[in-house]
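Scroll down for the structure; my scribbles are underneath it.
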Amino acid sequence: MFLNVMAADEIFNLSTPDYSRRAHILMEVDALTGEVQAYLGHYSPAIGEMTAFWGVHYDITPRGEFFVGYEADSLIYVYDENFKALRSFGRAGREMRTAYRTLEQGPQYKRTAREERREKGFYTSLRWVGDRLLRTYCRGGDAPTDGLQIYDGTTLIADVDVPKGMKIAGYIEPYYYSQIVTDDENETLTLYRFKLDK
């Protein structure tokens, strides 16, 4: 199985010298023994250092290709089953606030990172379903909706508004389903579904 690898505490994070260049983003783990088999990939150079957007989203196709997206990078990267780079593609989400601040290492990092994540837009999920890749994003600030990009292979065919917090969970014909969106203030759980025309 594959798991994300990340660090985002006040001392060890993307503001730590060399972290964004040297840290791995995934690890392969033997599901039976729990032992790490390999560390894979690195952060995108587009992210740079000293940002609050450390998240990495990925999915694996039935052919074994990895599709990898970073919270602060508009590109999507494709790797083969041995994690060798094949290609990249992607378009920036509509109306995203992406003037990211440089954050300093130290005790203030977590506070300023939380503020930055509330104010700015970033990519929130990536799911490969059939021949389509679906990527969600948050626009940032007080935007009333989030966005969903739909790629047919590597071609963007739609970029639409979706409810805030929506991320794609999967597909049961004929519907795509979201993950459950929680609203603690109103004590609700919401599940969305939608269909795409052929």
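Labels used: A, B, ... for chains in the order of the structure tokens, numbers from 1 for residues in each chain, and numbers from 1 for ligands as shown.
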
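Note that DSSP on the backbone gives strand (DSSP E or B) to these residues of region 76-121 of chain A: Ile76, Tyr77, Val78, Tyr79, Ala85, Leu86, Arg87, Ser88 and Phe89 of chain A.
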
Fewer than 4 positions away in the same chain doesn't count, so skip those; otherwise give me all residues within 9 Å of region 189-197 of chain A, counting only C-alpha atoms, as a list in words.
Pro163, Met166, Glu173, Pro174, Tyr175, Tyr176, Tyr177, Ser178, Gln179, Ile180, Val181, Thr182, Asp183 and Asp184 of chain A

For the selection you just gave me, I'd like the residues written to a file as a short mmCIF file (atom, residue, chain, number, x, y, z; two decimals), in the first residue's frame, keeping N, CA and C atoms.
data_model
loop_
_atom_site.label_atom_id
_atom_site.label_comp_id
_atom_site.auth_asym_id
_atom_site.auth_seq_id
_atom_site.Cartn_x
_atom_site.Cartn_y
_atom_site.Cartn_z
N PRO A 163 -20.14 22.73 -4.39
CA PRO A 163 -20.29 23.20 -3.00
C PRO A 163 -18.94 23.19 -2.26
N MET A 166 -16.38 20.06 -1.08
CA MET A 166 -16.64 18.83 -1.82
C MET A 166 -15.35 18.26 -2.40
N GLU A 173 -21.82 3.52 -11.16
CA GLU A 173 -22.60 3.87 -12.34
C GLU A 173 -24.06 4.11 -12.00
N PRO A 174 -24.66 5.22 -12.43
CA PRO A 174 -24.11 6.23 -13.34
C PRO A 174 -23.60 7.49 -12.63
N TYR A 175 -23.41 7.43 -11.29
CA TYR A 175 -23.10 8.64 -10.53
C TYR A 175 -21.65 8.67 -10.02
N TYR A 176 -21.10 9.88 -9.99
CA TYR A 176 -19.89 10.19 -9.23
C TYR A 176 -20.36 10.62 -7.85
N TYR A 177 -19.64 10.20 -6.81
CA TYR A 177 -20.01 10.53 -5.44
C TYR A 177 -18.90 11.33 -4.76
N SER A 178 -19.33 12.23 -3.88
CA SER A 178 -18.36 13.00 -3.10
C SER A 178 -18.04 12.26 -1.81
N GLN A 179 -16.96 12.70 -1.18
CA GLN A 179 -16.74 12.31 0.21
C GLN A 179 -17.79 13.02 1.04
N ILE A 180 -17.99 12.60 2.26
CA ILE A 180 -18.97 13.27 3.13
C ILE A 180 -18.41 14.63 3.53
N VAL A 181 -19.24 15.66 3.38
CA VAL A 181 -18.87 17.02 3.77
C VAL A 181 -19.51 17.29 5.12
N THR A 182 -18.68 17.60 6.12
CA THR A 182 -19.20 17.85 7.47
C THR A 182 -19.36 19.34 7.72
N ASP A 183 -20.40 19.68 8.42
CA ASP A 183 -20.65 21.06 8.86
C ASP A 183 -20.88 20.99 10.36
N ASP A 184 -19.82 21.24 11.13
CA ASP A 184 -19.90 21.12 12.58
C ASP A 184 -20.87 22.13 13.18
#

Shell of 6 Å around region 110-121 of chain A, only C-alpha atoms, local chain residues under 2 positions omitted, as a ChimeraX atom specification:
/A:10,52,96-98,108,138-141

Compile the contact shell of region 25-41 of chain A as a VMD selection string: residues with an atom at most 12 Å away, counting only C-alpha atoms, same-chain residues fewer than 4 positions apart removed.
chain A and resid 1 to 7 19 to 21 45 54 to 59 66 to 70 77 to 85

From a backbone DSSP assignment, name each residue in region 42-149 of chain A labelled alpha helix (DSSP H), as a list in words.
Tyr109, Lys110, Arg111, Thr112, Ala113, Arg114, Glu115, Glu116, Arg117, Arg118 and Glu119 of chain A

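Taking CA of Tyr151 (chain A) and CA of Pro62 (chain A) as endpoints, the distance between them is 16.9 Å.
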
Find the spatial neighbours of Tyr123 (chain A), counting only C-alpha atoms, within a cut-off of 8 Å - ignore same-chain residues fewer than 3 positions away - and output them as a PyMOL selection string.
chain A and resi 69-74+135-138

Those residues you just picked out, can you put them in a file as a compact mmCIF listing (two decimals), in the first residue's frame with N, CA and C atoms?
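Saved as part-v6.txt:
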# COMPACT_ATOMS: atom_id res chain seq x y z
N GLY A 69 -0.82 15.30 -7.59
CA GLY A 69 -1.08 16.73 -7.58
C GLY A 69 -0.67 17.33 -6.25
N TYR A 70 -0.20 18.55 -6.28
CA TYR A 70 0.26 19.26 -5.09
C TYR A 70 -0.70 20.41 -4.82
N GLU A 71 -0.91 20.71 -3.55
CA GLU A 71 -1.87 21.76 -3.19
C GLU A 71 -1.58 23.10 -3.85
N ALA A 72 -0.32 23.43 -4.04
CA ALA A 72 0.04 24.76 -4.53
C ALA A 72 0.61 24.75 -5.95
N ASP A 73 0.35 23.71 -6.73
CA ASP A 73 0.88 23.61 -8.09
C ASP A 73 -0.26 23.26 -9.03
N SER A 74 -0.44 24.04 -10.08
CA SER A 74 -1.54 23.79 -11.02
C SER A 74 -1.31 22.58 -11.91
N ARG A 135 -10.36 16.69 -10.32
CA ARG A 135 -9.55 17.41 -9.32
C ARG A 135 -10.38 18.54 -8.74
N THR A 136 -10.44 18.61 -7.41
CA THR A 136 -11.17 19.69 -6.75
C THR A 136 -10.20 20.72 -6.21
N TYR A 137 -10.73 21.93 -6.02
CA TYR A 137 -9.90 23.00 -5.46
C TYR A 137 -10.74 23.99 -4.68
N CYS A 138 -10.09 24.60 -3.71
CA CYS A 138 -10.66 25.68 -2.90
C CYS A 138 -10.16 26.99 -3.50

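The spacing separating CA of Leu86 (chain A) from CA of Ala158 (chain A) amounts to 23.7 Å.
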